[in-house]
>>> print(open('my_file-v7.cif').read())   # mmCIF, C-alpha atoms
data_query
#
loop_
_atom_site.label_atom_id
_atom_site.label_comp_id
_atom_site.auth_asym_id
_atom_site.auth_seq_id
_atom_site.Cartn_x
_atom_site.Cartn_y
_atom_site.Cartn_z
CA MET I 1 82.43 101.80 88.11
CA THR I 2 83.22 103.90 91.20
CA SER I 3 86.26 105.40 89.46
CA GLU I 4 83.86 107.17 87.08
CA VAL I 5 81.97 108.77 89.96
CA SER I 6 83.26 112.05 91.40
CA PHE I 7 82.45 113.66 94.73
CA VAL I 8 80.50 116.31 92.81
CA ASP I 9 78.14 113.56 91.58
CA LEU I 10 77.28 112.55 95.15
CA GLY I 11 75.43 115.79 95.91
CA LEU I 12 77.64 117.10 98.71
CA ALA I 13 77.57 120.79 99.68
CA GLU I 14 80.12 123.12 98.09
CA PRO I 15 82.09 123.78 101.33
CA LEU I 16 82.63 120.02 101.65
CA LEU I 17 83.77 119.71 98.02
CA ARG I 18 86.27 122.52 98.66
CA ALA I 19 87.63 120.71 101.74
CA ILE I 20 87.86 117.42 99.81
CA ALA I 21 89.84 119.20 97.09
CA ASP I 22 92.18 120.62 99.74
CA VAL I 23 92.89 117.07 100.95
CA GLY I 24 93.64 116.07 97.36
CA TYR I 25 90.88 113.55 96.69
CA THR I 26 88.86 113.57 93.47
CA HIS I 27 87.09 110.20 93.34
CA PRO I 28 85.31 108.41 96.19
CA THR I 29 86.31 104.93 97.31
CA PRO I 30 83.72 102.14 96.87
CA ILE I 31 82.41 102.47 100.46
CA GLN I 32 82.09 106.24 100.03
CA ALA I 33 80.33 105.98 96.67
CA GLN I 34 77.79 103.55 98.12
CA ALA I 35 77.30 104.95 101.63
CA ILE I 36 77.22 108.72 101.08
CA PRO I 37 74.03 108.86 98.91
CA LEU I 38 72.17 106.59 101.36
CA VAL I 39 73.15 108.68 104.39
CA LEU I 40 72.19 111.89 102.57
CA LYS I 41 68.71 110.39 102.05
CA GLY I 42 68.39 110.00 105.81
CA ARG I 43 68.46 106.20 105.76
CA ASP I 44 69.84 104.02 108.54
CA LEU I 45 72.90 102.13 107.35
CA LEU I 46 74.65 98.85 108.18
CA ALA I 47 78.06 98.89 106.48
CA ALA I 48 80.83 96.28 106.37
CA ALA I 49 84.15 97.99 105.73
CA GLN I 50 87.67 97.41 106.98
CA THR I 51 89.82 100.26 108.25
CA GLY I 52 91.67 101.75 105.28
CA THR I 53 88.75 101.61 102.83
CA GLY I 54 87.84 105.26 103.36
CA LYS I 55 84.92 104.45 105.65
CA THR I 56 85.53 107.43 107.98
CA ALA I 57 84.90 109.90 105.17
CA GLY I 58 82.02 107.65 104.15
CA PHE I 59 80.08 108.82 107.21
CA THR I 60 81.72 112.14 108.17
CA LEU I 61 81.07 113.80 104.79
CA PRO I 62 77.31 113.13 104.61
CA LEU I 63 76.67 113.83 108.30
CA LEU I 64 78.51 117.16 107.98
CA HIS I 65 76.28 117.94 104.99
CA LEU I 66 73.09 117.07 106.90
CA LEU I 67 74.04 118.89 110.09
CA SER I 68 75.05 122.09 108.25
CA ARG I 69 71.86 122.12 106.19
CA ASN I 70 69.52 121.94 109.18
CA ARG I 71 71.56 123.78 111.83
CA PRO I 72 69.41 125.70 114.32
CA ALA I 73 70.14 129.36 115.03
CA GLN I 74 71.07 128.58 118.63
CA LEU I 75 72.63 125.48 120.18
CA ARG I 76 72.44 124.46 123.82
CA PRO I 77 75.84 123.87 125.48
CA GLY I 78 76.79 120.25 126.10
CA ARG I 79 73.98 118.95 123.86
CA PRO I 80 75.46 117.41 120.68
CA ARG I 81 73.39 116.87 117.54
CA CYS I 82 75.58 113.99 116.33
CA LEU I 83 77.27 111.29 118.43
CA ILE I 84 80.08 109.16 116.99
CA LEU I 85 81.12 106.25 119.24
CA THR I 86 84.47 104.52 118.67
CA PRO I 87 86.28 101.75 120.60
CA THR I 88 89.72 103.31 121.17
CA ARG I 89 91.32 106.61 122.05
CA GLU I 90 93.40 106.71 118.88
CA LEU I 91 90.45 106.09 116.59
CA THR I 92 88.43 108.72 118.44
CA ALA I 93 91.14 111.31 117.87
CA GLN I 94 91.49 110.36 114.20
CA VAL I 95 87.75 110.55 113.50
CA GLU I 96 87.78 114.02 115.05
CA GLU I 97 90.68 114.95 112.74
CA SER I 98 88.54 113.84 109.80
CA VAL I 99 85.60 115.91 111.03
CA GLN I 100 87.86 118.95 111.36
CA ALA I 101 89.49 118.46 107.95
CA TYR I 102 86.25 118.02 105.99
CA GLY I 103 84.26 120.54 108.03
CA LYS I 104 86.85 123.32 107.88
CA TYR I 105 84.60 125.59 105.75
CA LEU I 106 81.44 124.91 107.79
CA PRO I 107 80.34 126.63 111.03
CA LEU I 108 79.91 123.30 112.85
CA LYS I 109 81.51 122.73 116.27
CA SER I 110 82.96 119.39 117.35
CA MET I 111 84.93 117.90 120.23
CA VAL I 112 86.61 114.64 121.16
CA MET I 113 86.13 112.75 124.42
CA PHE I 114 88.06 109.74 125.75
CA GLY I 115 89.52 108.36 128.96
CA GLY I 116 93.12 108.32 130.13
CA VAL I 117 93.28 112.12 130.29
CA ASN I 118 92.05 114.80 132.69
CA ILE I 119 88.27 115.14 132.53
CA ASN I 120 88.17 118.83 133.48
CA PRO I 121 89.10 120.30 130.06
CA GLN I 122 86.33 118.15 128.57
CA ILE I 123 83.85 119.49 131.13
CA ALA I 124 84.89 123.04 130.19
CA ALA I 125 84.46 122.30 126.47
CA LEU I 126 80.95 120.96 127.09
CA LYS I 127 79.91 124.39 128.39
CA LYS I 128 80.02 125.64 124.79
CA PRO I 129 77.65 124.95 121.86
CA LEU I 130 78.33 121.59 120.21
CA ASP I 131 77.26 119.91 116.97
CA ILE I 132 79.39 116.74 116.86
CA LEU I 133 80.77 114.66 119.72
CA VAL I 134 83.30 111.88 119.02
CA ALA I 135 83.71 109.69 122.10
CA THR I 136 84.61 106.36 123.63
CA PRO I 137 81.73 104.76 125.56
CA GLY I 138 83.32 104.71 129.01
CA ARG I 139 84.30 108.37 129.27
CA LEU I 140 80.98 109.42 127.71
CA LEU I 141 79.11 107.64 130.53
CA ASP I 142 81.40 109.31 133.07
CA HIS I 143 80.15 112.67 131.78
CA VAL I 144 76.54 111.49 131.81
CA GLY I 145 77.02 110.48 135.44
CA GLN I 146 78.38 113.94 136.27
CA LYS I 147 75.50 115.57 134.36
CA THR I 148 77.91 117.52 132.15
CA LEU I 149 76.48 115.98 128.94
CA ASP I 150 72.95 115.97 127.50
CA LEU I 151 72.22 113.36 124.82
CA SER I 152 68.57 114.30 124.29
CA GLY I 153 69.33 116.27 121.11
CA VAL I 154 71.19 113.58 119.14
CA GLU I 155 69.90 113.48 115.55
CA ILE I 156 72.55 111.12 114.12
CA LEU I 157 74.29 108.19 115.87
CA VAL I 158 77.37 106.51 114.41
CA LEU I 159 78.83 103.28 115.83
CA ASP I 160 82.29 102.96 114.26
CA GLU I 161 84.17 99.62 114.37
CA ALA I 162 81.21 98.12 116.21
CA ASP I 163 82.73 94.63 116.07
CA ARG I 164 85.77 95.88 117.97
CA MET I 165 83.55 97.52 120.58
CA LEU I 166 81.83 94.20 121.16
CA ASP I 167 85.20 92.40 121.37
CA MET I 168 86.38 94.91 123.98
CA GLY I 169 83.32 94.37 126.19
CA PHE I 170 81.51 97.66 125.54
CA ILE I 171 78.09 96.13 124.84
CA ARG I 172 76.63 97.08 128.25
CA ASP I 173 77.93 100.65 127.92
CA ILE I 174 76.46 100.89 124.42
CA ARG I 175 73.06 99.75 125.67
CA LYS I 176 73.15 102.34 128.46
CA ILE I 177 73.96 105.05 125.90
CA LEU I 178 71.20 103.94 123.51
CA ALA I 179 68.68 104.28 126.33
CA LEU I 180 69.66 107.96 126.73
CA LEU I 181 69.15 108.87 123.05
CA PRO I 182 65.97 110.15 121.35
CA THR I 183 63.92 107.39 119.74
CA LYS I 184 63.75 109.29 116.45
CA ARG I 185 67.24 109.55 114.99
CA GLN I 186 69.37 108.37 112.06
CA ASN I 187 71.72 105.46 112.83
CA LEU I 188 74.90 104.37 111.05
CA LEU I 189 76.72 101.19 112.08
CA PHE I 190 80.13 100.32 110.63
CA SER I 191 81.83 96.98 111.22
CA ALA I 192 84.63 94.96 109.64
CA THR I 193 82.28 91.97 109.43
CA PHE I 194 78.60 91.08 109.63
CA SER I 195 78.90 88.53 112.44
CA ASP I 196 75.88 87.14 114.29
CA ASP I 197 76.66 89.45 117.22
CA ILE I 198 76.77 92.48 114.92
CA ARG I 199 73.46 91.45 113.32
CA ALA I 200 71.91 91.20 116.79
CA LEU I 201 73.27 94.63 117.77
CA ALA I 202 72.08 96.16 114.48
CA LYS I 203 68.58 94.81 115.04
CA GLY I 204 68.33 96.77 118.28
CA VAL I 205 69.85 99.97 116.89
CA LEU I 206 68.88 100.34 113.22
CA ASN I 207 65.48 101.02 111.71
CA ASP I 208 64.87 99.40 108.29
CA PRO I 209 68.53 99.84 107.32
CA GLU I 210 70.23 99.77 103.95
CA GLU I 211 73.23 97.41 103.77
CA VAL I 212 76.58 98.10 102.15
CA SER I 213 79.52 95.69 102.03
CA VAL I 214 82.81 96.39 100.27
CA ALA I 215 85.04 93.59 101.51
CA ARG I 216 84.61 89.85 101.96
CA ARG I 217 85.42 88.54 105.42
CA ASN I 218 88.99 87.44 106.05
CA THR I 219 90.17 88.40 102.58
CA ALA I 220 93.77 89.56 102.65
CA SER I 221 94.34 92.54 100.38
CA GLU I 222 95.58 91.52 96.94
CA LEU I 223 97.70 94.68 96.91
CA VAL I 224 99.81 93.44 99.83
CA ARG I 225 102.90 91.36 99.01
CA GLN I 226 103.11 88.72 101.74
CA THR I 227 106.33 86.88 102.57
CA VAL I 228 107.69 84.66 105.33
CA LEU I 229 111.24 84.50 106.66
CA LEU I 230 111.97 81.38 108.74
CA VAL I 231 114.33 82.46 111.51
CA PRO I 232 115.28 81.26 115.03
CA LYS I 233 113.47 83.22 117.74
CA GLU I 234 116.67 84.59 119.27
CA GLN I 235 117.76 86.07 115.92
CA LYS I 236 114.53 87.91 115.09
CA ARG I 237 115.56 91.27 116.49
CA ASP I 238 118.88 91.29 114.60
CA LEU I 239 117.07 90.33 111.39
CA LEU I 240 114.48 93.09 111.88
CA SER I 241 117.20 95.70 112.42
CA HIS I 242 118.96 94.48 109.27
CA LEU I 243 115.76 94.61 107.19
CA VAL I 244 114.92 98.15 108.30
CA ARG I 245 118.40 99.50 107.61
CA SER I 246 119.31 97.56 104.47
CA ASN I 247 115.98 98.29 102.77
CA GLY I 248 115.86 101.92 103.86
CA TRP I 249 112.43 101.45 105.45
CA LYS I 250 111.22 104.72 106.99
CA GLN I 251 107.75 103.77 108.22
CA VAL I 252 107.35 100.24 109.59
CA LEU I 253 104.54 98.96 111.79
CA VAL I 254 105.75 95.92 113.75
CA PHE I 255 103.40 93.60 115.64
CA THR I 256 104.22 91.68 118.83
CA ARG I 257 101.92 89.50 120.94
CA THR I 258 102.44 91.22 124.28
CA LYS I 259 102.87 94.68 125.77
CA HIS I 260 106.08 93.57 127.47
CA GLY I 261 107.40 92.22 124.17
CA ALA I 262 106.59 95.49 122.43
CA ASN I 263 108.53 97.48 125.03
CA ARG I 264 111.56 95.18 124.88
CA LEU I 265 111.70 95.17 121.10
CA ALA I 266 111.42 98.96 120.82
CA GLU I 267 114.20 99.41 123.39
CA LYS I 268 116.49 96.98 121.57
CA LEU I 269 115.87 98.60 118.19
CA VAL I 270 116.82 101.97 119.66
CA LYS I 271 120.04 100.37 120.96
CA ASP I 272 120.67 99.18 117.40
CA GLY I 273 120.38 102.76 116.16
CA VAL I 274 116.86 102.36 114.74
CA PRO I 275 114.43 105.11 115.90
CA ALA I 276 111.55 103.14 117.43
CA ALA I 277 108.68 103.48 119.89
CA ALA I 278 106.12 101.12 121.41
CA ILE I 279 102.37 101.63 121.63
CA HIS I 280 100.03 99.52 123.76
CA GLY I 281 97.30 99.72 126.38
CA ASN I 282 99.61 100.30 129.35
CA LYS I 283 101.14 103.42 127.80
CA SER I 284 99.80 106.77 128.98
CA GLN I 285 97.71 108.70 126.49
CA SER I 286 100.44 111.36 126.12
CA ALA I 287 103.07 108.67 125.40
CA ARG I 288 100.84 107.01 122.79
CA THR I 289 100.03 110.32 121.12
CA LYS I 290 103.73 111.26 121.05
CA ALA I 291 104.74 107.88 119.58
CA LEU I 292 102.08 108.07 116.85
CA ALA I 293 102.96 111.69 116.02
CA GLY I 294 106.65 110.75 115.71
CA PHE I 295 105.75 107.84 113.46
CA LYS I 296 103.68 110.07 111.19
CA ASP I 297 106.32 112.83 110.93
CA GLY I 298 109.17 110.35 110.30
CA SER I 299 111.18 110.89 113.49
CA VAL I 300 110.15 107.39 114.57
CA GLU I 301 110.87 104.83 111.84
CA VAL I 302 109.47 101.76 113.61
CA LEU I 303 106.26 101.66 115.62
CA VAL I 304 105.98 98.45 117.67
CA ALA I 305 102.38 97.66 118.59
CA THR I 306 100.09 95.00 119.98
CA ASP I 307 96.99 94.03 118.01
CA ILE I 308 94.49 95.92 120.14
CA ALA I 309 96.61 99.09 120.31
CA ALA I 310 96.95 99.14 116.52
CA ARG I 311 93.18 99.04 115.95
CA GLY I 312 92.01 102.23 114.35
CA LEU I 313 95.47 103.66 113.65
CA ASP I 314 94.84 105.77 110.56
CA ILE I 315 98.24 106.01 108.88
CA GLU I 316 98.20 106.99 105.22
CA GLN I 317 100.69 105.47 102.79
CA LEU I 318 101.97 102.88 105.28
CA PRO I 319 104.29 100.78 103.08
CA GLN I 320 105.50 98.09 105.46
CA VAL I 321 104.09 95.77 108.12
CA VAL I 322 106.20 93.19 109.97
CA ASN I 323 104.83 90.36 112.09
CA PHE I 324 107.64 90.00 114.62
CA GLU I 325 105.48 87.28 116.17
CA LEU I 326 102.50 85.63 114.53
CA PRO I 327 99.15 86.20 116.23
CA ASN I 328 97.46 83.33 118.04
CA VAL I 329 94.20 84.12 116.21
CA PRO I 330 94.51 83.73 112.41
CA GLU I 331 91.97 86.50 111.71
CA ASP I 332 94.26 88.98 113.46
CA TYR I 333 96.85 88.34 110.74
CA VAL I 334 94.38 89.64 108.17
CA HIS I 335 93.72 92.75 110.25
CA ARG I 336 97.46 93.30 110.67
CA ILE I 337 98.42 93.14 107.01
CA GLY I 338 95.38 95.26 106.18
CA ARG I 339 97.25 98.21 107.68
CA THR I 340 99.17 98.45 104.40
CA GLY I 341 98.05 98.22 100.77
CA ARG I 342 95.30 100.73 101.46
CA ALA I 343 93.25 102.96 99.16
CA GLY I 344 94.82 101.48 96.06
CA ALA I 345 98.43 101.68 97.21
CA THR I 346 100.72 98.67 97.25
CA GLY I 347 102.32 97.42 100.44
CA SER I 348 104.42 94.65 101.92
CA ALA I 349 103.89 92.37 104.90
CA VAL I 350 106.82 90.27 106.20
CA SER I 351 106.37 87.61 108.89
CA LEU I 352 109.34 86.45 110.97
CA VAL I 353 108.45 82.87 111.86
CA ASP I 354 110.33 80.61 114.27
CA ALA I 355 109.99 76.85 114.68
CA GLU I 356 107.35 77.13 117.41
CA GLU I 357 105.09 79.20 115.14
CA THR I 358 104.76 76.82 112.19
CA LYS I 359 101.33 75.65 113.40
CA LEU I 360 100.15 79.26 113.64
CA LEU I 361 101.43 79.87 110.11
CA ALA I 362 99.55 76.84 108.81
CA ASP I 363 96.33 78.12 110.42
CA ILE I 364 96.78 81.51 108.76
CA GLU I 365 97.39 79.97 105.34
CA LYS I 366 94.29 77.81 105.75
CA LEU I 367 92.24 80.92 106.53
CA ILE I 368 93.47 83.01 103.60
CA LYS I 369 93.42 79.96 101.29
CA ARG I 370 96.94 80.40 99.97
CA LYS I 371 100.53 79.54 100.83
CA ILE I 372 102.61 82.56 101.74
CA ASP I 373 105.90 82.81 99.85
CA ARG I 374 108.98 81.76 101.81
CA GLU I 375 112.07 83.85 101.11
CA PRO I 376 115.69 82.92 101.89
CA LEU I 377 117.23 84.61 104.89
CA PRO I 378 119.52 87.51 103.93
CA ALA I 379 123.00 87.65 105.39
CA PHE I 380 122.87 89.62 108.64
CA VAL I 381 124.97 90.03 111.77
CA VAL I 382 123.81 88.08 114.81
CA THR I 383 124.74 89.83 118.04
CA ALA I 384 125.16 88.23 121.45
CA PRO I 385 121.76 87.83 123.10
CA ASP I 386 120.85 90.08 125.98
CA ARG I 387 121.17 88.57 129.44
CA GLU I 388 117.45 87.87 129.73
CA GLU I 389 117.43 86.10 126.34
CA ARG I 390 120.06 83.55 127.33
CA ALA I 391 119.18 80.12 128.70
CA PRO I 392 118.12 80.71 132.30
CA ARG I 393 120.26 79.48 135.16
CA PRO I 394 118.51 77.85 138.14
CA PRO I 395 117.38 80.80 140.32
CA ARG I 396 118.86 81.20 143.76
CA SER I 397 116.42 80.80 146.63
CA HIS I 398 116.25 84.53 147.44
CA GLU I 399 115.33 85.50 143.86
CA ARG I 400 112.91 82.80 142.69
CA GLY I 401 109.79 84.99 142.64
CA PRO I 402 111.25 88.32 141.48
CA ARG I 403 113.43 86.76 138.76
CA ALA I 404 110.45 84.98 137.26
CA ASN I 405 108.59 88.28 137.16
CA ARG I 406 111.50 90.25 135.69
CA GLU I 407 112.16 87.90 132.85
CA GLY I 408 108.62 86.91 131.83
CA GLY I 409 107.72 87.43 128.19
CA GLY I 410 105.43 86.43 125.37
CA ARG I 411 104.95 82.75 124.57
CA SER I 412 103.62 80.78 121.68
CA GLN I 413 101.04 78.06 121.67
CA ALA I 414 103.86 75.55 121.71
CA GLY I 415 105.25 77.21 124.83
CA ARG I 416 101.88 77.04 126.56
CA SER I 417 101.49 73.39 125.66
CA ALA I 418 104.90 72.51 127.01
CA ALA I 419 104.22 74.42 130.22
CA GLY I 420 101.00 72.53 130.72
CA LYS I 421 102.68 69.15 130.28
CA THR I 422 105.70 69.66 132.46
CA GLY I 423 103.99 71.16 135.48
CA ALA I 424 107.38 71.91 137.06
CA PRO I 425 110.91 72.40 135.73
CA SER I 426 112.93 69.22 135.37
CA PRO I 427 116.68 69.12 135.94
CA GLY I 428 118.77 69.93 132.88
CA SER I 429 115.81 71.14 130.80
CA GLY I 430 116.33 74.83 130.10
CA ARG I 431 113.44 74.90 127.62
CA LYS I 432 110.98 73.38 130.09
CA ARG I 433 112.13 75.76 132.84
CA GLU I 434 111.62 78.61 130.38
CA ASP I 435 108.08 77.48 129.55
CA VAL I 436 107.06 77.04 133.20
CA ARG I 437 108.59 80.38 134.14
CA ARG I 438 106.73 82.10 131.32
CA ALA I 439 103.48 80.50 132.38
CA THR I 440 103.79 82.23 135.77
CA ARG I 441 104.55 85.72 134.51
CA PRO I 442 102.38 88.57 135.92
CA ALA I 443 99.15 89.62 134.26
CA LYS I 444 100.58 92.93 133.07
CA GLU I 445 102.87 91.01 130.70
CA ARG I 446 100.18 88.80 129.19
CA PRO I 447 98.74 89.47 125.73
CA ASP I 448 97.29 92.94 125.24
CA ASN I 449 93.63 91.93 125.14
CA LYS I 450 92.13 95.15 126.41
CA LEU I 451 93.02 98.80 126.06
CA SER I 452 90.82 100.11 128.81
CA SER I 453 87.71 98.92 130.51
CA ARG I 454 86.33 102.42 130.26
CA GLY I 455 87.62 103.57 126.88
#
>>> encode(input="my_file-v7.cif", output="structure tokens")
Amino acid sequence: MTSEVSFVDLGLAEPLLRAIADVGYTHPTPIQAQAIPLVLKGRDLLAAAQTGTGKTAGFTLPLLHLLSRNRPAQLRPGRPRCLILTPTRELTAQVEESVQAYGKYLPLKSMVMFGGVNINPQIAALKKPLDILVATPGRLLDHVGQKTLDLSGVEILVLDEADRMLDMGFIRDIRKILALLPTKRQNLLFSATFSDDIRALAKGVLNDPEEVSVARRNTASELVRQTVLLVPKEQKRDLLSHLVRSNGWKQVLVFTRTKHGANRLAEKLVKDGVPAAAIHGNKSQSARTKALAGFKDGSVEVLVATDIAARGLDIEQLPQVVNFELPNVPEDYVHRIGRTGRAGATGSAVSLVDAEETKLLADIEKLIKRKIDREPLPAFVVTAPDREERAPRPPRSHERGPRANREGGGRSQAGRSAAGKTGAPSPGSGRKREDVRRATRPAKERPDNKLSSRG
């Protein structure tokens, strides 16, 4: 049905239709076809939509229409008319790109605001008239505290990826921000799922909302071809290098469990002659921006990411996702493979699974209600493992602490279980020593469960 609807049918202003044509789109996606008319009517909206369904245009297009239609002759500096809150720096930047692309023929002014960068250029930008502010919660409250931002003129509030904001602990910041906004405003809340927590948040934010849902929870895209390759842990990197080169893959998003693991894998791929970069919460904003830009322009073929860092990455036509390590949470597998097979395109998701991950694989298959196809291992060259990948020797007394820190890495559920049972390394048991040593690795090497406490 939605394929028969055009953007012209949705009642958008001519400058927006011109910008849409420039981007090359003719027909709205299901979320756009359902959400845009409701937003144009001024209704509050609760929408369930995964990243990659076109949800960003689903709210940027109608809010641009509304803001341009009722724009006052004069704007007060640092007083936005529309506030879009997002959970991560990358998503904030990408939403702003969408605002710029679709609003190119409109006189509206927008800016982006997030942490991890110098605050002074943002303060300078807030001294100019402003229609749309795209921000992370933490940095926004920093500006409120410095009295460089006035939220009393917000007409439209958008909470994008609200479920992720709750997961990342932003609920208190969100409540502080809501208290600073005018009571009378239009509210749009977008989430991957309608969980109980999201329902509770929506009740405090939305006023008599319309509901739109375009994806069932935990449904893996039918357009994604999913396969499993059973491979020993120490051979995964060689297999990944082989797959990238032999298949001619030019844009591959690879998932690891930990920040440390992402760094190590990217470094080893580069040694293998595969252009690669890592992206995670410990990377500086400039390093993350550079890595993502290289991935988009093709100079970086493999982007190695943790789950949290990959949230909100808006990469069009991403053909290939690889699970270098399976996630501990089955739902994260669905989010991972949802990075490909987007907007009607086909994609492929390959999982490299070792013996310790078979339980994780079973949990994933139970969640998605299907068995993932196993494929035979291709012939590939196995290189000698790096020093830190070899079976550990008993550490000398002067290096017990530092060596454990240097060599710590990601571990599976099986590794955690073994560490808990052994308590201390037993003579002649390299595997048990490995598990105990991993259990004591520093916090900076543990799973990437938070990008930034302040956005």
>>> atom_distance(input="my_file-v7.cif", atom1="atom CA of Ser351 of chain I", atom2="atom CA of Tyr333 of chain I")
9.7 Å
>>> resolve_selection(input="my_file-v7.cif", expression="the PyMOL selection byres ((chain I and resi 25) around 12)", output="ChimeraX atom specification")
/I:3,6-8,16-24,26-29,32,54,57,102,343
>>> closest_residue(input="my_file-v7.cif", among="I:Pro319, I:Phe190, I:Gly347, I:Glu211", to="Arg164 of chain I", atoms="only C-alpha atoms")
I:Phe190
>>> resolve_selection(input="my_file-v7.cif", expression="the PyMOL selection byres ((chain I and resi 158-160) around 6)", output="PyMOL selection string")
chain I and resi 84-86+157+161-162+187-190
>>> residues_around(input="my_file-v7.cif", residues="Leu239 of chain I", least_positions_apart="5", cutoff="12 Å", atoms="only C-alpha atoms", output="list in words")
Leu229, Leu230, Val231, Pro232, Lys233, Glu234, Val244, Arg245, Ser246, Asn247, Leu269, Asp272, Val322, Phe324, Val350, Ser351, Leu352, Val353, Leu377, Pro378, Ala379, Phe380, Val381, Val382 and Thr383 of chain I
>>> atom_distance(input="my_file-v7.cif", atom1="atom CA of Thr358 of chain I", atom2="atom CA of Val334 of chain I")
17.0 Å
